[in-house]
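*Asks:* Next comes the structure file coords_35.cif, holding mmCIF, C-alpha atoms and all ligand atoms.
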data_coords
#
loop_
_atom_site.group_PDB
_atom_site.id
_atom_site.type_symbol
_atom_site.label_atom_id
_atom_site.label_comp_id
_atom_site.auth_asym_id
_atom_site.auth_seq_id
_atom_site.Cartn_x
_atom_site.Cartn_y
_atom_site.Cartn_z
ATOM 1 C CA MET O 1 110.572 105.769 98.175
ATOM 2 C CA ILE O 2 106.770 105.712 98.235
ATOM 3 C CA ASP O 3 104.585 107.767 95.877
ATOM 4 C CA THR O 4 101.386 107.906 97.927
ATOM 5 C CA HIS O 5 99.268 109.367 95.103
ATOM 6 C CA CYS O 6 99.714 108.686 91.410
ATOM 7 C CA HIS O 7 96.989 108.202 88.765
ATOM 8 C CA LEU O 8 98.894 105.644 86.752
ATOM 9 C CA ASP O 9 95.580 104.444 85.265
ATOM 10 C CA ALA O 10 94.810 107.892 83.791
ATOM 11 C CA ALA O 11 94.376 108.293 80.028
ATOM 12 C CA GLU O 12 97.669 110.249 79.932
ATOM 13 C CA PHE O 13 99.494 107.010 80.777
ATOM 14 C CA SER O 14 97.370 104.700 78.621
ATOM 15 C CA THR O 15 100.187 103.795 76.252
ATOM 16 C CA ASP O 16 103.157 103.839 78.623
ATOM 17 C CA TYR O 17 102.203 103.212 82.254
ATOM 18 C CA ARG O 18 104.569 100.237 82.303
ATOM 19 C CA ALA O 19 107.475 102.334 81.030
ATOM 20 C CA ALA O 20 106.583 105.210 83.371
ATOM 21 C CA SER O 21 106.496 102.909 86.391
ATOM 22 C CA ALA O 22 109.721 101.167 85.336
ATOM 23 C CA LEU O 23 111.475 104.555 85.129
ATOM 24 C CA ALA O 24 110.112 105.424 88.562
ATOM 25 C CA ARG O 25 111.331 102.131 89.961
ATOM 26 C CA ALA O 26 114.774 102.676 88.470
ATOM 27 C CA ALA O 27 114.803 106.111 90.134
ATOM 28 C CA GLY O 28 114.065 104.516 93.527
ATOM 29 C CA VAL O 29 110.274 104.772 93.715
ATOM 30 C CA THR O 30 109.441 101.236 94.836
ATOM 31 C CA ARG O 31 105.819 101.751 95.915
ATOM 32 C CA ILE O 32 103.046 103.626 94.097
ATOM 33 C CA ILE O 33 99.524 104.051 95.422
ATOM 34 C CA VAL O 34 96.991 104.449 92.608
ATOM 35 C CA PRO O 35 93.804 106.109 93.899
ATOM 36 C CA GLY O 36 90.441 105.626 92.211
ATOM 37 C CA VAL O 37 88.210 108.365 90.854
ATOM 38 C CA SER O 38 85.094 106.682 89.475
ATOM 39 C CA VAL O 39 83.469 103.266 89.395
ATOM 40 C CA ALA O 40 83.678 103.206 85.593
ATOM 41 C CA CYS O 41 87.478 103.387 85.880
ATOM 42 C CA PHE O 42 87.881 100.658 88.517
ATOM 43 C CA PRO O 43 88.380 97.748 86.064
ATOM 44 C CA ARG O 44 91.139 99.590 84.203
ATOM 45 C CA GLN O 45 92.694 100.679 87.492
ATOM 46 C CA LYS O 46 92.622 97.104 88.772
ATOM 47 C CA PHE O 47 94.359 95.919 85.589
ATOM 48 C CA VAL O 48 97.046 98.614 85.746
ATOM 49 C CA VAL O 49 97.816 97.863 89.396
ATOM 50 C CA ALA O 50 97.897 94.107 88.759
ATOM 51 C CA THR O 51 100.393 94.561 85.927
ATOM 52 C CA THR O 52 102.691 97.070 87.660
ATOM 53 C CA PRO O 53 105.262 95.894 90.227
ATOM 54 C CA GLY O 54 104.998 97.846 93.470
ATOM 55 C CA ALA O 55 101.608 99.401 92.628
ATOM 56 C CA TYR O 56 98.719 99.333 95.109
ATOM 57 C CA ALA O 57 95.126 100.370 94.526
ATOM 58 C CA ALA O 58 92.838 102.557 96.576
ATOM 59 C CA TYR O 59 89.208 102.603 95.460
ATOM 60 C CA GLY O 60 86.880 105.546 95.846
ATOM 61 C CA ILE O 61 84.654 108.024 94.045
ATOM 62 C CA HIS O 62 86.226 111.461 93.578
ATOM 63 C CA PRO O 63 83.937 114.442 94.292
ATOM 64 C CA LEU O 64 84.395 115.795 90.759
ATOM 65 C CA TYR O 65 83.290 112.473 89.200
ATOM 66 C CA LEU O 66 79.891 112.309 90.858
ATOM 67 C CA THR O 67 77.704 113.735 88.116
ATOM 68 C CA GLN O 68 76.411 110.402 86.873
ATOM 69 C CA SER O 69 76.803 108.605 90.181
ATOM 70 C CA ASP O 70 73.999 106.952 92.096
ATOM 71 C CA SER O 71 73.744 104.612 95.053
ATOM 72 C CA GLY O 72 74.571 101.686 92.742
ATOM 73 C CA ASP O 73 78.092 103.104 92.556
ATOM 74 C CA LEU O 74 78.425 102.803 96.313
ATOM 75 C CA GLN O 75 77.412 99.136 95.995
ATOM 76 C CA GLN O 76 80.090 98.675 93.353
ATOM 77 C CA LEU O 77 82.638 100.376 95.580
ATOM 78 C CA ARG O 78 81.677 98.084 98.449
ATOM 79 C CA HIS O 79 82.200 95.107 96.144
ATOM 80 C CA TYR O 80 85.707 96.316 95.208
ATOM 81 C CA LEU O 81 86.627 96.946 98.843
ATOM 82 C CA GLN O 82 85.471 93.444 99.715
ATOM 83 C CA GLN O 83 87.022 91.608 96.771
ATOM 84 C CA GLU O 84 90.190 93.555 96.080
ATOM 85 C CA ARG O 85 91.324 94.477 99.593
ATOM 86 C CA PRO O 86 92.857 97.817 98.536
ATOM 87 C CA VAL O 87 95.237 99.764 100.790
ATOM 88 C CA ALA O 88 92.746 102.634 101.241
ATOM 89 C CA VAL O 89 89.435 104.203 100.268
ATOM 90 C CA GLY O 90 90.105 107.135 97.944
ATOM 91 C CA GLU O 91 90.276 109.483 96.556
ATOM 92 C CA ILE O 92 87.244 110.893 98.248
ATOM 93 C CA GLY O 93 86.331 114.263 99.677
ATOM 94 C CA LEU O 94 84.820 117.609 98.812
ATOM 95 C CA ASP O 95 85.591 120.057 96.024
ATOM 96 C CA PHE O 96 83.658 123.304 96.270
ATOM 97 C CA TYR O 97 85.914 125.127 93.808
ATOM 98 C CA ALA O 98 83.794 124.605 90.699
ATOM 99 C CA PRO O 99 80.789 126.961 90.704
ATOM 100 C CA GLN O 100 78.497 124.142 89.573
ATOM 101 C CA ALA O 101 79.623 121.866 92.417
ATOM 102 C CA ASP O 102 76.654 120.051 93.946
ATOM 103 C CA LYS O 103 77.622 120.411 97.590
ATOM 104 C CA ALA O 104 74.751 118.304 98.906
ATOM 105 C CA GLN O 105 75.555 115.381 96.607
ATOM 106 C CA GLN O 106 79.274 115.588 97.384
ATOM 107 C CA THR O 107 78.619 115.671 101.114
ATOM 108 C CA GLU O 108 76.320 112.659 100.891
ATOM 109 C CA PHE O 109 78.797 110.540 98.886
ATOM 110 C CA PHE O 110 81.688 111.597 101.099
ATOM 111 C CA ALA O 111 79.819 110.549 104.249
ATOM 112 C CA ALA O 112 78.795 107.220 102.707
ATOM 113 C CA GLN O 113 82.391 106.479 101.674
ATOM 114 C CA LEU O 114 83.758 107.418 105.097
ATOM 115 C CA GLN O 115 81.319 104.906 106.542
ATOM 116 C CA LEU O 116 82.599 102.251 104.137
ATOM 117 C CA ALA O 117 86.188 103.058 105.170
ATOM 118 C CA ARG O 118 85.190 102.589 108.759
ATOM 119 C CA GLU O 119 83.348 99.357 108.029
ATOM 120 C CA PHE O 120 86.372 97.899 106.185
ATOM 121 C CA GLU O 121 88.834 99.467 108.665
ATOM 122 C CA LEU O 122 90.680 101.200 105.842
ATOM 123 C CA PRO O 123 92.505 104.530 105.819
ATOM 124 C CA VAL O 124 91.247 107.183 103.400
ATOM 125 C CA ILE O 125 92.887 109.402 100.786
ATOM 126 C CA LEU O 126 91.264 112.822 100.928
ATOM 127 C CA HIS O 127 90.735 115.369 98.193
ATOM 128 C CA SER O 128 89.678 118.780 99.417
ATOM 129 C CA ARG O 129 89.533 122.050 97.575
ATOM 130 C CA ARG O 130 87.924 125.164 99.037
ATOM 131 C CA ALA O 131 86.389 122.759 101.530
ATOM 132 C CA VAL O 132 88.943 121.974 104.246
ATOM 133 C CA ASP O 133 86.667 122.888 107.161
ATOM 134 C CA ALA O 134 83.770 120.934 105.654
ATOM 135 C CA VAL O 135 86.051 117.896 105.234
ATOM 136 C CA LEU O 136 87.177 118.161 108.873
ATOM 137 C CA HIS O 137 83.555 118.466 109.950
ATOM 138 C CA ALA O 138 82.621 115.285 108.032
ATOM 139 C CA LEU O 139 85.601 113.419 109.539
ATOM 140 C CA ARG O 140 84.465 114.319 113.036
ATOM 141 C CA ARG O 141 80.962 113.058 112.261
ATOM 142 C CA HIS O 142 82.227 109.887 110.565
ATOM 143 C CA PRO O 143 85.538 109.003 112.207
ATOM 144 C CA VAL O 144 87.957 106.793 110.277
ATOM 145 C CA ARG O 145 91.346 105.339 111.110
ATOM 146 C CA GLY O 146 93.235 108.202 109.417
ATOM 147 C CA GLY O 147 94.920 108.448 106.046
ATOM 148 C CA VAL O 148 96.338 111.226 103.900
ATOM 149 C CA ALA O 149 95.045 114.718 103.162
ATOM 150 C CA HIS O 150 96.306 114.783 99.577
ATOM 151 C CA ALA O 151 97.800 117.961 98.050
ATOM 152 C CA PHE O 152 97.329 119.728 101.348
ATOM 153 C CA ASN O 153 96.875 123.466 101.044
ATOM 154 C CA GLY O 154 95.127 124.560 104.221
ATOM 155 C CA SER O 155 96.380 126.481 107.239
ATOM 156 C CA LEU O 156 98.790 125.285 109.935
ATOM 157 C CA GLN O 157 95.832 125.129 112.296
ATOM 158 C CA GLN O 158 93.814 122.968 109.881
ATOM 159 C CA ALA O 159 96.871 120.747 109.442
ATOM 160 C CA ALA O 160 96.987 120.296 113.213
ATOM 161 C CA GLU O 161 93.324 119.213 113.121
ATOM 162 C CA PHE O 162 94.046 116.573 110.456
ATOM 163 C CA ILE O 163 97.041 115.320 112.441
ATOM 164 C CA LYS O 164 94.839 114.956 115.532
ATOM 165 C CA LEU O 165 92.451 112.829 113.468
ATOM 166 C CA GLY O 166 95.252 110.453 112.439
ATOM 167 C CA PHE O 167 96.113 111.998 109.064
ATOM 168 C CA LYS O 168 99.343 112.759 107.278
ATOM 169 C CA LEU O 169 99.582 115.636 104.793
ATOM 170 C CA GLY O 170 100.574 114.945 101.182
ATOM 171 C CA PHE O 171 103.121 117.171 99.405
ATOM 172 C CA GLY O 172 104.313 117.000 95.815
ATOM 173 C CA GLY O 173 105.160 119.044 92.751
ATOM 174 C CA ALA O 174 103.424 122.190 94.006
ATOM 175 C CA LEU O 175 106.216 122.799 96.536
ATOM 176 C CA THR O 176 108.748 123.108 93.699
ATOM 177 C CA HIS O 177 107.114 126.299 92.420
ATOM 178 C CA ALA O 178 108.655 129.427 93.952
ATOM 179 C CA GLY O 179 105.236 131.110 93.773
ATOM 180 C CA SER O 180 103.560 128.469 95.961
ATOM 181 C CA ARG O 181 104.537 130.321 99.111
ATOM 182 C CA ARG O 182 101.950 128.826 101.426
ATOM 183 C CA ILE O 183 102.611 125.241 100.368
ATOM 184 C CA ARG O 184 106.375 125.781 100.750
ATOM 185 C CA MET O 185 105.791 127.295 104.197
ATOM 186 C CA LEU O 186 103.596 124.338 105.219
ATOM 187 C CA ALA O 187 106.085 121.799 103.873
ATOM 188 C CA THR O 188 108.837 123.514 105.858
ATOM 189 C CA GLU O 189 106.972 124.171 109.122
ATOM 190 C CA LEU O 190 104.872 121.057 109.641
ATOM 191 C CA PRO O 191 106.294 118.292 111.827
ATOM 192 C CA LEU O 192 108.307 115.718 109.897
ATOM 193 C CA SER O 193 106.093 113.022 111.389
ATOM 194 C CA ALA O 194 103.118 114.456 109.446
ATOM 195 C CA LEU O 195 104.479 114.471 105.888
ATOM 196 C CA VAL O 196 104.131 112.030 103.015
ATOM 197 C CA LEU O 197 105.340 112.414 99.437
ATOM 198 C CA GLU O 198 103.154 112.189 96.343
ATOM 199 C CA THR O 199 103.329 113.183 92.693
ATOM 200 C CA ASP O 200 99.598 113.248 91.775
ATOM 201 C CA ALA O 201 100.896 112.389 88.286
ATOM 202 C CA PRO O 202 99.896 113.134 85.558
ATOM 203 C CA ASP O 203 98.821 116.368 87.309
ATOM 204 C CA ILE O 204 100.643 118.972 89.466
ATOM 205 C CA ALA O 205 103.851 118.945 87.419
ATOM 206 C CA PRO O 206 106.950 120.164 89.252
ATOM 207 C CA ALA O 207 108.406 123.495 88.100
ATOM 208 C CA TRP O 208 111.086 121.936 85.881
ATOM 209 C CA LEU O 209 108.506 120.207 83.650
ATOM 210 C CA HIS O 210 106.964 123.577 82.692
ATOM 211 C CA GLY O 211 103.423 122.210 82.705
ATOM 212 C CA GLY O 212 104.318 118.957 80.926
ATOM 213 C CA ARG O 213 103.006 115.575 82.014
ATOM 214 C CA ASN O 214 104.035 114.731 85.542
ATOM 215 C CA SER O 215 105.176 111.165 86.237
ATOM 216 C CA PRO O 216 106.180 109.119 89.307
ATOM 217 C CA GLU O 217 109.864 109.185 88.349
ATOM 218 C CA GLN O 218 109.837 112.863 89.417
ATOM 219 C CA LEU O 219 109.365 111.946 93.071
ATOM 220 C CA PRO O 220 113.074 111.784 94.051
ATOM 221 C CA ARG O 221 113.696 115.279 92.710
ATOM 222 C CA ILE O 222 110.597 116.587 94.525
ATOM 223 C CA ALA O 223 111.955 114.923 97.698
ATOM 224 C CA ASP O 224 115.288 116.691 97.092
ATOM 225 C CA GLU O 225 113.526 120.056 96.974
ATOM 226 C CA LEU O 226 111.631 119.334 100.164
ATOM 227 C CA ALA O 227 114.815 118.196 101.926
ATOM 228 C CA GLN O 228 116.500 121.449 100.891
ATOM 229 C CA LEU O 229 113.576 123.499 102.200
ATOM 230 C CA ARG O 230 113.861 121.695 105.524
ATOM 231 C CA GLY O 231 117.657 121.818 105.657
ATOM 232 C CA MET O 232 118.142 118.066 105.879
ATOM 233 C CA THR O 233 119.471 115.276 103.726
ATOM 234 C CA VAL O 234 117.075 113.609 101.318
ATOM 235 C CA GLU O 235 117.918 110.215 102.855
ATOM 236 C CA GLU O 236 116.796 111.400 106.275
ATOM 237 C CA LEU O 237 113.668 113.011 104.840
ATOM 238 C CA VAL O 238 112.640 109.913 102.900
ATOM 239 C CA ALA O 239 113.250 107.628 105.885
ATOM 240 C CA HIS O 240 110.599 109.673 107.678
ATOM 241 C CA THR O 241 108.107 110.104 104.833
ATOM 242 C CA ASP O 242 108.263 106.377 103.982
ATOM 243 C CA ALA O 243 107.742 105.414 107.631
ATOM 244 C CA ASN O 244 104.810 107.854 107.779
ATOM 245 C CA ALA O 245 103.268 106.316 104.651
ATOM 246 C CA ARG O 246 103.616 102.801 106.077
ATOM 247 C CA GLU O 247 102.062 103.961 109.320
ATOM 248 C CA VAL O 248 98.887 105.208 107.612
ATOM 249 C CA PHE O 249 98.798 102.511 104.901
ATOM 250 C CA PRO O 250 99.517 99.247 106.731
ATOM 251 C CA GLY O 251 98.486 97.393 103.557
ATOM 252 C CA LEU O 252 101.783 98.306 101.867
ATOM 253 C CA ASP O 253 104.169 95.344 101.899
ATOM 254 C CA ALA O 254 107.420 95.590 103.775
ATOM 255 C CA GLY O 255 110.725 95.215 101.909
ATOM 256 C CA CYS O 256 111.270 96.724 98.500
HETATM 257 ZN ZN ZN W 301 94.397 112.630 92.680
#
Can the structure in the file be given as structure tokens, please?
Ligand SMILES: [Zn+2]

*Replies:*
Amino acid sequence: MIDTHCHLDAAEFSTDYRAASALARAAGVTRIIVPGVSVACFPRQKFVVATTPGAYAAYGIHPLYLTQSDSGDLQQLRHYLQQERPVAVGEIGLDFYAPQADKAQQTEFFAAQLQLAREFELPVILHSRRAVDAVLHALRRHPVRGGVAHAFNGSLQQAAEFIKLGFKLGFGGALTHAGSRRIRMLATELPLSALVLETDAPDIAPAWLHGGRNSPEQLPRIADELAQLRGMTVEELVAHTDANAREVFPGLDAGC
């Protein structure tokens, strides 16, 4: 099973990322994609990925980590893309939720990173909050080879737009909360060919953790919930979501 989005390098895992990934592996999670959030974190992220079996890095600058960013960060990112050959550029995107969000700066960095993804022929991992249409607009202006719209929470119509642009939609712990009606509807209604699984650990804890730290070992139980919503076996579901992940992230090794 592939966790397409897990911040194993986050401070929450600083003392036990090896144990957390070993538990995940024992539970059947054989691949974990670790997306980047800021240039300052890349060295740590690189170390964590290098010391974790089945972990793969994506490098990118998250829209909420731009406050101290300048064009030098884009140079650094280019260096990492060149030297480290990650599976994707990410996580990048737009987050207009915070009232102090600098939309112009976010839009500029997003466009520049989409161009890098195109230059290096890499898929992208997208973060978008209160900004789905703006993200789609940027993708049309700066086309890339596809990727994943992480923690998708748009409309069915917006999902169809992402799919047309070569994207899969990421679903995780949010669908385990009975109150997340729209996400549960999306996870049930969207074509199976468009879904990938993710934990976003340490964030977006599934319902049964009651707000505790999320971890990649939770992925099989999240997959179970999704399979139940869709009225299928978890084996059948995971065969599809894994194939979808490999389709958008060709850098993932075959085998287990
Ligand atoms: Zn994330």

*Asks:* Atom CA of Gly170 of chain O and atom CA of Leu156 of chain O, how far apart in Å?

*Replies:*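 Between these atoms lies a distance of 13.7 Å.
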
*Asks:* Write out as a list of chain:residue names which residues come within 7 Å of segment 220-237 of chain O when counting only C-alpha atoms, dropping same-chain ones fewer than 4 positions away.

*Replies:*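 Near segment 220-237 of chain O, the qualifying residues are O:Gly172, O:Gly173, O:Thr176, O:Thr188, O:Thr241.
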
*Asks:* How many Å lie between atom CA of Gln82 of chain O and atom CA of Phe47 of chain O, rounded to one decimal?

*Replies:* 16.9 Å

*Asks:* Can you tell me which residues sit at most 8 Å away from ligand ZN 301 (chain W), counting only C-alpha atoms and all ligand atoms, written as a ChimeraX atom specification?

*Replies:* /O:5-7,35,37,91,127,150,200-201,203

*Asks:* Name the closest residue to Arg246 of chain O among the candidates O:Gly147, O:Gly90, O:Gly211, O:Pro99; distances are taken between atoms, counting only C-alpha atoms.

*Replies:*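 The closest residue to Arg246 of chain O is O:Gly147.
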
*Asks:* Give the answer as one residue: which of O:Val87, O:Ala50, O:Val39, O:Ala174 has the shortest atom-to-atom distance to Ser69 of chain O, using only C-alpha atoms?

*Replies:*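 The shortest atom-to-atom distance to Ser69 of chain O comes from O:Val39.
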
*Asks:* What is the distance between atom CA of Ala178 of chain O and atom CA of Pro202 of chain O, in Å to one decimal?

*Replies:*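 Rounded to one decimal, the two atoms are 20.3 Å apart.
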
*Asks:* Could you expand the PyMOL selection byres (((chain O and resi 13-18) around 10) and not hetatm) into the explicit residues it covers here, written as a list of chain:residue names?

*Replies:*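 Those residues are O:His7, O:Leu8, O:Asp9, O:Ala10, O:Ala11, O:Glu12, O:Ala19, O:Ala20, O:Ser21, O:Ala22, O:Leu23, O:Ala24, O:Arg44, O:Val48, O:Val49, O:Thr51, O:Thr52, O:Pro53, O:Ala201, O:Pro202, O:Arg213, O:Ser215.
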
*Asks:* Tell me, as a ChimeraX atom specification, which residues lie within 9 Å of Ala111 of chain O, counting all atoms listed in the file; anything in the same chain fewer than 6 positions away does not count.

*Replies:* /O:93,138-139,141-142

*Asks:* Quick one: residues within 12 Å of (86.9, 103.8, 97.6) (file frame), counting all atoms listed in the file, please, as a VMD selection string.

*Replies:* chain O and resid 34 to 39 41 to 42 57 to 63 73 to 82 84 to 93 109 to 120 122 to 126

*Asks:* Can you list, as an MDAnalysis selection string, the residues that the PyMOL selection byres (((chain O and resi 146) around 8) and not hetatm) selects here?

*Replies:* chainID O and resid 123:124 144:145 147:148 165:168 248

*Asks:* So which one's closest to Gly251 of chain O, O:Gln218, O:Arg31, O:Glu161, O:Phe171? Using all atoms listed in the file, please.

*Replies:*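 For Gly251 of chain O, the nearest of the candidates is O:Arg31.
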
*Asks:* Under the rule that all atoms listed in the file are counted, which of O:Asp102, O:Ala207, O:Ile33, O:Asp133 is the nearest residue to Ser180 of chain O?

*Replies:* O:Ala207

*Asks:* Put a box with edges along x, y and z around all the listed atoms of segment 113-120 of chain O, pad it by 3 Å on each side, then give me its centre and sizes in Å, one decimal, as JSON.

*Replies:*
{"center_x": 83.8, "center_y": 102.7, "center_z": 105.2, "size_x": 11.1, "size_y": 15.5, "size_z": 13.1}

*Asks:* Any chance you could work out the residue set of the PyMOL selection byres (((chain O and resi 242) around 12) and not hetatm) here, as a PyMOL selection string?

*Replies:* chain O and resi 1-4+29-32+168+170+192-198+223+234-241+243-250+252-256
